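What follows is the content of model.cif (mmCIF, C-alpha atoms).
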data_coords
#
loop_
_atom_site.label_atom_id
_atom_site.label_comp_id
_atom_site.auth_asym_id
_atom_site.auth_seq_id
_atom_site.Cartn_x
_atom_site.Cartn_y
_atom_site.Cartn_z
CA MET X 1 0.00 0.00 0.00
CA LYS X 2 2.82 2.33 0.96
CA SER X 3 4.67 1.68 -2.32
CA GLN X 4 1.44 2.24 -4.28
CA ILE X 5 1.19 5.68 -2.73
CA GLN X 6 4.80 6.38 -3.72
CA VAL X 7 4.10 5.27 -7.30
CA LEU X 8 1.00 7.47 -7.35
CA ILE X 9 3.03 10.46 -6.13
CA ILE X 10 5.71 9.87 -8.81
CA ILE X 11 3.11 9.50 -11.58
CA TYR X 12 1.23 12.61 -10.40
CA SER X 13 4.40 14.67 -10.13
CA ILE X 14 5.44 13.67 -13.66
CA ALA X 15 1.98 14.35 -15.07
CA PHE X 16 1.48 17.63 -13.23
CA GLY X 17 5.08 18.65 -13.90
CA SER X 18 4.62 18.41 -17.65
CA PHE X 19 1.33 20.33 -17.34
CA THR X 20 2.95 23.24 -15.50
CA ILE X 21 5.80 23.43 -18.01
CA ALA X 22 3.51 23.37 -21.03
CA GLN X 23 0.73 25.73 -19.93
CA PRO X 24 1.93 28.97 -18.33
CA LYS X 25 2.17 31.99 -20.56
CA LEU X 26 2.95 35.28 -18.98
CA SER X 27 2.71 38.59 -20.80
CA ILE X 28 3.13 42.23 -19.87
CA ASP X 29 1.62 45.19 -21.67
CA PHE X 30 1.68 48.97 -21.63
CA GLY X 31 -0.10 51.63 -23.66
CA MET X 32 -2.75 54.32 -23.59
CA GLY X 33 -6.45 54.44 -22.93
CA PHE X 34 -9.02 57.03 -23.98
CA TYR X 35 -12.35 57.94 -22.38
CA GLU X 36 -14.52 60.98 -21.76
CA PRO X 37 -15.56 61.51 -18.15
CA SER X 38 -17.41 64.56 -16.90
CA LEU X 39 -15.49 65.98 -13.91
CA THR X 40 -17.84 68.84 -13.05
CA GLY X 41 -16.48 69.11 -9.49
CA PHE X 42 -13.22 70.38 -10.98
CA ASP X 43 -14.31 72.03 -14.21
CA GLN X 44 -17.26 74.00 -12.83
CA ASN X 45 -15.78 74.80 -9.44
CA GLU X 46 -16.37 78.51 -8.81
CA ASP X 47 -14.25 78.80 -5.67
CA VAL X 48 -11.06 76.90 -6.44
CA GLN X 49 -9.35 77.33 -9.79
CA PHE X 50 -8.18 73.83 -10.65
CA PRO X 51 -6.00 73.38 -13.75
CA THR X 52 -7.79 73.86 -17.06
CA LYS X 53 -9.06 70.65 -18.59
CA SER X 54 -7.23 69.26 -21.57
CA LEU X 55 -6.94 66.06 -23.57
CA PHE X 56 -4.05 64.88 -21.38
CA ASN X 57 -5.66 65.34 -17.95
CA ARG X 58 -9.21 64.36 -18.89
CA ASN X 59 -9.29 61.93 -21.79
CA MET X 60 -5.98 60.08 -21.78
CA LEU X 61 -5.23 57.17 -19.49
CA VAL X 62 -1.90 55.52 -18.84
CA ASN X 63 -2.38 51.79 -19.17
CA TRP X 64 -0.24 48.87 -18.02
CA GLY X 65 -0.96 45.30 -17.03
CA PHE X 66 0.06 41.70 -16.98
CA TYR X 67 -1.75 38.53 -17.95
CA TYR X 68 -1.37 34.85 -17.22
CA GLU X 69 -2.80 32.22 -19.54
CA PHE X 70 -4.45 29.81 -17.12
CA PHE X 71 -6.53 27.82 -19.60
CA ASN X 72 -6.62 27.23 -23.34
CA ASN X 73 -7.94 30.44 -24.90
CA ALA X 74 -8.25 32.22 -21.56
CA ARG X 75 -6.15 34.68 -19.58
CA VAL X 76 -6.50 36.29 -16.21
CA GLY X 77 -4.55 39.30 -15.01
CA TYR X 78 -4.36 42.86 -13.78
CA ASN X 79 -4.84 45.98 -15.84
CA SER X 80 -4.54 49.54 -14.59
CA PHE X 81 -5.85 52.68 -16.30
CA THR X 82 -4.73 55.91 -14.63
CA SER X 83 -5.73 59.51 -15.28
CA PHE X 84 -3.35 62.15 -13.89
CA GLU X 85 -3.63 65.86 -13.33
CA ILE X 86 -1.07 68.15 -11.71
CA GLY X 87 -1.05 71.85 -11.12
CA LYS X 88 0.68 74.53 -9.09
CA ASN X 89 -0.30 77.88 -7.59
CA VAL X 90 -3.87 76.81 -6.87
CA LYS X 91 -5.15 79.82 -4.95
CA LEU X 92 -6.48 78.99 -1.46
CA PRO X 93 -7.23 81.43 1.39
CA LYS X 94 -3.90 80.92 3.21
CA SER X 95 -1.61 79.48 0.57
CA SER X 96 -0.87 79.00 -3.07
CA ALA X 97 -0.82 75.24 -3.25
CA ALA X 98 0.61 72.54 -5.47
CA TYR X 99 -2.09 70.09 -6.44
CA SER X 100 -2.25 66.61 -7.94
CA ARG X 101 -5.16 64.36 -8.77
CA SER X 102 -5.23 60.77 -9.96
CA ILE X 103 -8.09 58.45 -10.85
CA LYS X 104 -7.10 54.80 -11.11
CA TYR X 105 -9.30 52.14 -12.63
CA ARG X 106 -7.76 48.87 -11.47
CA MET X 107 -9.21 46.02 -13.46
CA PHE X 108 -8.95 42.28 -12.79
CA PRO X 109 -9.90 40.95 -16.21
CA ILE X 110 -10.79 37.50 -17.46
CA GLU X 111 -10.03 37.48 -21.16
CA THR X 112 -10.94 34.78 -23.64
CA TYR X 113 -9.64 34.79 -27.19
CA PHE X 114 -9.27 32.95 -30.45
CA ARG X 115 -7.00 33.36 -33.45
CA TRP X 116 -8.97 34.42 -36.45
CA LYS X 117 -5.87 34.34 -38.68
CA PRO X 118 -2.35 33.18 -37.72
CA LYS X 119 -1.40 36.78 -36.85
CA ILE X 120 -4.77 38.16 -35.79
CA GLU X 121 -6.53 37.42 -32.52
CA MET X 122 -9.95 38.50 -31.29
CA ASN X 123 -10.38 38.81 -27.56
CA PHE X 124 -13.26 39.29 -25.14
CA THR X 125 -12.72 40.86 -21.73
CA LEU X 126 -14.91 41.06 -18.64
CA ALA X 127 -13.39 42.81 -15.65
CA PRO X 128 -14.44 43.88 -12.18
CA ILE X 129 -12.99 47.30 -11.30
CA TRP X 130 -11.59 48.60 -8.04
CA GLY X 131 -11.36 52.33 -8.63
CA ARG X 132 -9.49 54.84 -6.52
CA GLY X 133 -9.44 58.62 -6.63
CA ARG X 134 -6.72 60.63 -4.90
CA ILE X 135 -6.42 64.39 -4.46
CA GLU X 136 -3.29 65.86 -2.90
CA ILE X 137 -2.83 69.51 -2.00
CA ASP X 138 0.43 70.87 -0.56
CA THR X 139 -0.71 73.66 1.71
CA THR X 140 1.28 75.86 4.09
CA PRO X 141 1.78 73.75 7.26
CA GLY X 142 0.31 76.17 9.81
CA ASP X 143 -2.91 76.94 7.94
CA LYS X 144 -3.67 73.72 6.16
CA GLU X 145 -6.99 73.00 7.88
CA GLU X 146 -8.53 76.23 6.72
CA ASP X 147 -7.30 75.64 3.16
CA TRP X 148 -8.63 72.06 3.14
CA ASP X 149 -11.99 73.24 4.53
CA TYR X 150 -12.14 75.69 1.65
CA VAL X 151 -11.49 72.95 -0.95
CA ILE X 152 -14.06 70.58 0.60
CA SER X 153 -16.66 73.40 0.82
CA SER X 154 -16.07 74.07 -2.88
CA PHE X 155 -17.11 70.44 -3.57
CA GLY X 156 -20.34 70.94 -1.61
CA GLY X 157 -19.24 69.75 1.84
CA ASP X 158 -19.14 71.85 4.98
CA SER X 159 -16.28 73.03 7.16
CA THR X 160 -17.33 70.91 10.17
CA GLN X 161 -16.45 67.66 8.36
CA LEU X 162 -12.73 68.06 9.02
CA ASN X 163 -11.35 68.25 12.56
CA ASP X 164 -7.64 67.51 12.38
CA MET X 165 -4.94 67.12 9.76
CA GLY X 166 -1.72 65.09 9.51
CA ALA X 167 1.71 65.75 8.07
CA THR X 168 0.77 64.22 4.71
CA ASP X 169 -2.77 64.77 3.58
CA ALA X 170 -4.68 63.43 0.64
CA MET X 171 -8.33 62.89 -0.14
CA LEU X 172 -9.07 59.28 -1.07
CA ASN X 173 -12.08 57.46 -2.39
CA ASP X 174 -12.59 53.82 -3.43
CA TRP X 175 -15.39 52.40 -5.49
CA LEU X 176 -16.33 49.29 -7.42
CA GLY X 177 -17.33 48.86 -11.02
CA TYR X 178 -17.19 46.59 -14.02
CA SER X 179 -16.05 46.68 -17.60
CA SER X 180 -16.60 44.79 -20.82
CA MET X 181 -14.37 45.07 -23.88
CA LEU X 182 -13.85 43.55 -27.30
CA GLY X 183 -10.36 43.59 -28.74
CA LEU X 184 -8.24 42.86 -31.73
CA ARG X 185 -4.61 41.83 -31.39
CA TYR X 186 -2.07 41.82 -34.20
CA TYR X 187 1.02 39.70 -33.57
CA LEU X 188 4.25 41.31 -34.80
CA SER X 189 6.21 38.22 -33.77
CA SER X 190 5.41 35.23 -31.62
CA ARG X 191 6.24 37.31 -28.53
CA MET X 192 5.18 40.84 -29.49
CA ALA X 193 1.77 42.22 -30.41
CA ILE X 194 -0.31 45.38 -30.72
CA ASP X 195 -3.65 45.18 -28.95
CA ILE X 196 -6.61 47.49 -29.59
CA LYS X 197 -9.68 47.27 -27.37
CA GLY X 198 -13.00 49.05 -27.18
CA GLY X 199 -15.83 48.73 -24.71
CA PHE X 200 -17.43 50.37 -21.74
CA MET X 201 -17.01 50.66 -18.01
CA ASN X 202 -19.44 51.39 -15.26
CA ASN X 203 -18.27 52.78 -11.91
CA PHE X 204 -20.38 53.05 -8.76
CA TYR X 205 -18.75 56.28 -7.64
CA ASN X 206 -20.16 58.13 -4.66
CA GLU X 207 -18.97 61.70 -4.14
CA LYS X 208 -19.90 61.56 -0.45
CA SER X 209 -17.55 58.75 0.48
CA TRP X 210 -14.22 60.53 0.18
CA ARG X 211 -11.99 60.55 3.25
CA VAL X 212 -9.18 62.66 4.67
CA GLN X 213 -7.30 61.21 7.64
CA ARG X 214 -10.18 58.69 8.06
CA GLN X 215 -12.78 61.47 8.27
CA LYS X 216 -15.62 61.34 5.75
CA VAL X 217 -15.81 64.39 3.51
CA ASN X 218 -17.51 65.44 0.29
CA GLY X 219 -15.56 65.10 -2.91
CA PRO X 220 -15.93 66.42 -6.43
CA LYS X 221 -18.90 65.54 -8.60
CA MET X 222 -17.69 63.19 -11.35
CA LYS X 223 -19.73 61.30 -13.89
CA ILE X 224 -17.69 58.17 -14.48
CA ASP X 225 -20.48 55.64 -14.94
CA ASP X 226 -21.59 54.35 -18.37
CA LEU X 227 -18.38 55.42 -20.10
CA PRO X 228 -17.12 54.14 -23.43
CA ILE X 229 -13.40 53.33 -23.21
CA PHE X 230 -10.77 52.52 -25.81
CA SER X 231 -7.23 51.32 -25.38
CA MET X 232 -4.20 50.66 -27.49
CA LYS X 233 -1.22 48.83 -26.08
CA PHE X 234 1.94 46.96 -26.82
CA VAL X 235 2.09 43.38 -25.54
CA TYR X 236 5.23 41.38 -24.82
CA GLY X 237 5.02 37.66 -24.05
CA ILE X 238 7.56 36.68 -21.41
CA ARG X 239 7.09 32.96 -21.91
CA MET T 1 10.15 -0.45 -5.08
CA ARG T 2 13.24 0.97 -3.37
CA ILE T 3 15.49 -0.80 -5.88
CA LEU T 4 13.43 0.61 -8.76
CA LEU T 5 13.70 4.14 -7.38
CA LEU T 6 17.45 3.65 -6.87
CA VAL T 7 17.89 2.46 -10.47
CA LEU T 8 15.90 5.45 -11.73
CA PHE T 9 17.98 7.82 -9.62
CA ILE T 10 21.29 6.34 -10.84
CA PHE T 11 20.07 6.36 -14.44
CA ASN T 12 19.14 10.06 -14.14
CA PHE T 13 22.50 10.82 -12.58
CA ILE T 14 24.42 9.07 -15.37
CA HIS T 15 22.20 10.64 -18.01
CA SER T 16 22.81 14.10 -16.57
CA GLN T 17 26.53 13.72 -17.16
CA THR T 18 26.04 13.42 -20.92
CA ASN T 19 27.37 16.50 -22.62
CA ASN T 20 24.54 17.52 -24.91
CA LEU T 21 25.97 20.95 -25.63
CA ALA T 22 28.43 19.58 -28.14
CA GLN T 23 27.29 20.61 -31.59
CA SER T 24 29.05 21.07 -34.87
CA THR T 25 27.13 24.07 -36.29
CA PRO T 26 25.03 26.90 -34.84
CA CYS T 27 21.98 25.34 -36.52
CA GLU T 28 22.30 22.34 -34.21
CA HIS T 29 22.59 24.43 -31.05
CA PRO T 30 20.29 23.22 -28.21
CA LEU T 31 18.44 26.55 -28.24
CA ILE T 32 17.56 26.11 -31.92
CA LEU T 33 16.47 22.54 -31.24
CA LEU T 34 14.38 23.75 -28.27
CA ALA T 35 12.71 26.44 -30.43
CA GLU T 36 11.98 23.85 -33.13
CA GLU T 37 10.52 21.38 -30.71
CA LYS T 38 8.60 23.57 -28.23
CA GLY T 39 8.37 26.96 -29.94
CA ILE T 40 10.29 30.23 -29.77
CA LYS T 41 8.45 31.26 -26.57
CA ALA T 42 10.07 28.30 -24.79
CA ILE T 43 13.44 30.11 -25.00
CA PRO T 44 14.18 31.68 -21.60
CA ILE T 45 14.39 35.50 -21.61
CA ARG T 46 18.02 35.41 -20.42
CA ASP T 47 18.98 33.41 -23.57
CA LEU T 48 17.14 35.62 -26.07
CA ILE T 49 20.17 37.68 -27.16
CA LYS T 50 22.24 34.50 -27.47
CA PHE T 51 19.41 32.86 -29.46
CA LYS T 52 19.21 35.84 -31.84
CA LYS T 53 22.96 35.63 -32.45
CA ILE T 54 22.78 31.87 -33.09
CA VAL T 55 19.90 32.38 -35.53
CA GLU T 56 21.95 34.99 -37.41
CA ASP T 57 24.97 32.67 -37.48
CA CYS T 58 22.80 29.82 -38.75
CA GLU T 59 21.33 32.02 -41.51
CA ARG T 60 24.83 33.22 -42.47
CA LEU T 61 25.96 29.61 -42.81
CA GLY T 62 23.27 29.06 -45.40
CA ASP T 63 20.52 27.31 -43.46
CA LYS T 64 18.04 30.17 -43.85
CA GLU T 65 15.31 27.74 -44.82
CA LYS T 66 15.56 25.98 -41.46
CA ILE T 67 15.05 29.26 -39.58
CA GLU T 68 12.13 30.26 -41.79
CA ARG T 69 10.56 26.86 -41.22
CA MET T 70 11.06 27.21 -37.47
CA ILE T 71 9.33 30.63 -37.43
CA TYR T 72 6.51 29.39 -39.68
CA ASN T 73 5.98 26.31 -37.49
CA ASP T 74 5.85 28.56 -34.43
CA TRP T 75 3.08 30.69 -35.97
CA GLN T 76 1.21 27.55 -37.01
CA ARG T 77 1.57 25.97 -33.57
CA ASP T 78 0.08 29.05 -31.87
CA TYR T 79 -2.62 29.35 -34.52
CA GLU T 80 -3.67 25.70 -34.34
CA LYS T 81 -3.81 25.86 -30.55
CA ALA T 82 -5.91 29.03 -30.41
CA LYS T 83 -8.06 28.99 -33.53
CA LYS T 84 -11.02 27.36 -31.78
CA MET T 85 -12.44 28.31 -28.42
CA GLN T 86 -12.62 25.51 -25.91
CA SER T 87 -14.93 24.57 -23.06
CA TRP T 88 -16.48 27.57 -21.23
CA SER T 89 -14.41 30.21 -23.06
CA SER T 90 -16.98 30.55 -25.88
CA THR T 91 -19.76 31.16 -23.30
CA HIS T 92 -17.62 33.86 -21.70
CA ALA T 93 -17.00 35.46 -25.10
CA MET T 94 -20.72 35.42 -25.84
CA CYS T 95 -21.50 37.11 -22.49
CA VAL T 96 -18.97 39.86 -23.29
CA PHE T 97 -20.39 40.33 -26.78
CA VAL T 98 -23.98 40.53 -25.51
CA SER T 99 -23.11 43.08 -22.79
CA PHE T 100 -21.07 45.09 -25.32
CA ALA T 101 -23.90 45.09 -27.87
CA TYR T 102 -26.53 45.88 -25.18
CA TYR T 103 -24.50 48.89 -24.01
CA PHE T 104 -23.74 50.40 -27.41
CA VAL T 105 -27.19 49.72 -28.90
CA GLY T 106 -28.61 51.30 -25.72
CA GLN T 107 -26.42 54.37 -26.26
CA VAL T 108 -27.89 54.79 -29.74
CA ILE T 109 -31.58 54.05 -29.23
CA ALA T 110 -32.24 54.82 -25.54
CA THR T 111 -34.11 58.01 -24.73
CA LYS T 112 -33.67 60.05 -21.58
CA PRO T 113 -36.67 59.90 -19.19
CA GLY T 114 -38.72 63.03 -18.74
#
Could you rewrite the structure in this file as structure tokens?
Amino acid sequence: MKSQIQVLIIIYSIAFGSFTIAQPKLSIDFGMGFYEPSLTGFDQNEDVQFPTKSLFNRNMLVNWGFYYEFFNNARVGYNSFTSFEIGKNVKLPKSSAAYSRSIKYRMFPIETYFRWKPKIEMNFTLAPIWGRGRIEIDTTPGDKEEDWDYVISSFGGDSTQLNDMGATDAMLNDWLGYSSMLGLRYYLSSRMAIDIKGGFMNNFYNEKSWRVQRQKVNGPKMKIDDLPIFSMKFVYGIR
Amino acid sequence: MRILLLVLFIFNFIHSQTNNLAQSTPCEHPLILLAEEKGIKAIPIRDLIKFKKIVEDCERLGDKEKIERMIYNDWQRDYEKAKKMQSWSSTHAMCVFVSFAYYFVGQVIATKPG
């Protein structure tokens, strides 16, 4: 009985060993995404002059990710789309502050695909999203609470929401969402490819669930649900 | 059973001493043979520059056809493996397509309430 178990272990290790050598395929990718959100909390803010909107800080997203082929014709991975905005000399009551804002759409996609032609692949992606918004303002140390109250009031909150501040302060918000995309991939070589995707994403963003130093505050109004999204990226297969 | 395992162990040990790196031309290099047998993606990243150099040497020596065949076979291997969807993956693709179509058709024909 004992030797049968040993034989079973040997057979399983050989069988499973060959499976793990044959199957894994790891790829990394980086590129750009495009979408059109409506960030009215920034663009129509009458009290704080945030940087003027442009193609770069509204519509373009920096995209990177990695995928692992876990099944024939199926990959799972991580894909991040980030929108950045930076500005300086944002006029606040006590200081002229440096400001930065990022919106990250972190996707955990399951992608299935098939090769239509030897060099052309069609892929289908469904992804849950864990989104995160972050607003940083570098205020003058002594008067930062008043300046932060001013920013939060400009978003529709009130000055009683914030009681104390720390050395490093940022407004944060997390939300969930989902995305669906169709894509076309053209293989330049067996390792390299250009991937173009189009689809939509839906984010359950709530402007009232922002936080500063664990205190709930109001954040900017942003319409980031029901958004068409497009991406173009370069893919490199590691193995 | 112990004797069998011992024989297998000794056999592996002896086999591992065989020098399989000896080759007469770059076209018979183990990396070329590995790429022919298991595909170009089976080459480890750390050996990619070396592999590229060996391929160039092999082409220079006149065996360009062998390299072209290796690349063609690699495309065909990937294509044959991925040209048909298997198991649940077609259902997943259909779900994505339906949600995609529902969203974009909705964008075109839906009217705003009120």
Give me, please, the distance in Å between atom CA of X:Arg211 and atom CA of X:Gly157, quoted to one decimal.
11.8 Å
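Of the residues listed (T:Leu48, T:Pro113, T:Leu6, T:Cys58), T:Cys58 shows the shortest atom-to-atom separation from T:His29; distances use only C-alpha atoms.
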What residues come out when you apply the PyMOL selection byres ((chain X) within 9 of (chain T)) to this file, written as a ChimeraX atom specification?
/X:3,6-7,22,25,71-74,110-119,121,123-126,180-182,189-191,199-200,226,228,237-239
Could you tell me, as a PyMOL selection string, which residues have any atom at most 7 Å from (-12.7, 68.5, -4.9), counting all atoms listed in the file?
chain X and resi 41-42+151-152+154-155+219-220
Run the PyMOL selection byres ((chain X and resi 202) around 8) against the file shown and list the residues it catches, as number ranges by chain.
X: 177-179, 200-201, 203-204, 224-227
Need the shell around X:Asn79: protein/DNA/RNA residues with any atom at most 8 Å away, counting all atoms listed in the file. Skip same-chain ones fewer than 4 positions apart. Format as a PDB file with C-alpha atoms, in the coordinates of the input?
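Saved to part_29.pdb:
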ATOM      1  CA  ASN X  63      -2.380  51.790 -19.170  1.00  0.00           C
ATOM      2  CA  TRP X  64      -0.240  48.870 -18.020  1.00  0.00           C
ATOM      3  CA  GLY X  65      -0.960  45.300 -17.030  1.00  0.00           C
ATOM      4  CA  PHE X  66       0.060  41.700 -16.980  1.00  0.00           C
ATOM      5  CA  ARG X 106      -7.760  48.870 -11.470  1.00  0.00           C
ATOM      6  CA  MET X 107      -9.210  46.020 -13.460  1.00  0.00           C
ATOM      7  CA  PHE X 108      -8.950  42.280 -12.790  1.00  0.00           C
ATOM      8  CA  PRO X 109      -9.900  40.950 -16.210  1.00  0.00           C
TER       9      PRO X 109
END
Provide the atom CA of X:Leu172 to atom CA of X:Leu55 distance in Å, to one decimal place.
23.6 Å
Would you kindly return, as a short mmCIF file (atom, residue, chain, number, x, y, z; two decimals) with C-alpha atoms, in the frame of the given file, each protein, DNA or RNA residue with an atom no farther than 10 Å from any atom of X:Met32, considering all atoms listed in the file and excluding same-chain residues fewer than 6 positions away?
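Saved the output as out.cif:
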data_model
loop_
_atom_site.label_atom_id
_atom_site.label_comp_id
_atom_site.auth_asym_id
_atom_site.auth_seq_id
_atom_site.Cartn_x
_atom_site.Cartn_y
_atom_site.Cartn_z
CA MET X 60 -5.98 60.08 -21.78
CA LEU X 61 -5.23 57.17 -19.49
CA VAL X 62 -1.90 55.52 -18.84
CA ASN X 63 -2.38 51.79 -19.17
CA TRP X 64 -0.24 48.87 -18.02
CA PHE X 81 -5.85 52.68 -16.30
CA THR X 82 -4.73 55.91 -14.63
CA ILE X 196 -6.61 47.49 -29.59
CA PHE X 230 -10.77 52.52 -25.81
CA SER X 231 -7.23 51.32 -25.38
CA MET X 232 -4.20 50.66 -27.49
CA LYS X 233 -1.22 48.83 -26.08
CA PHE X 234 1.94 46.96 -26.82
#
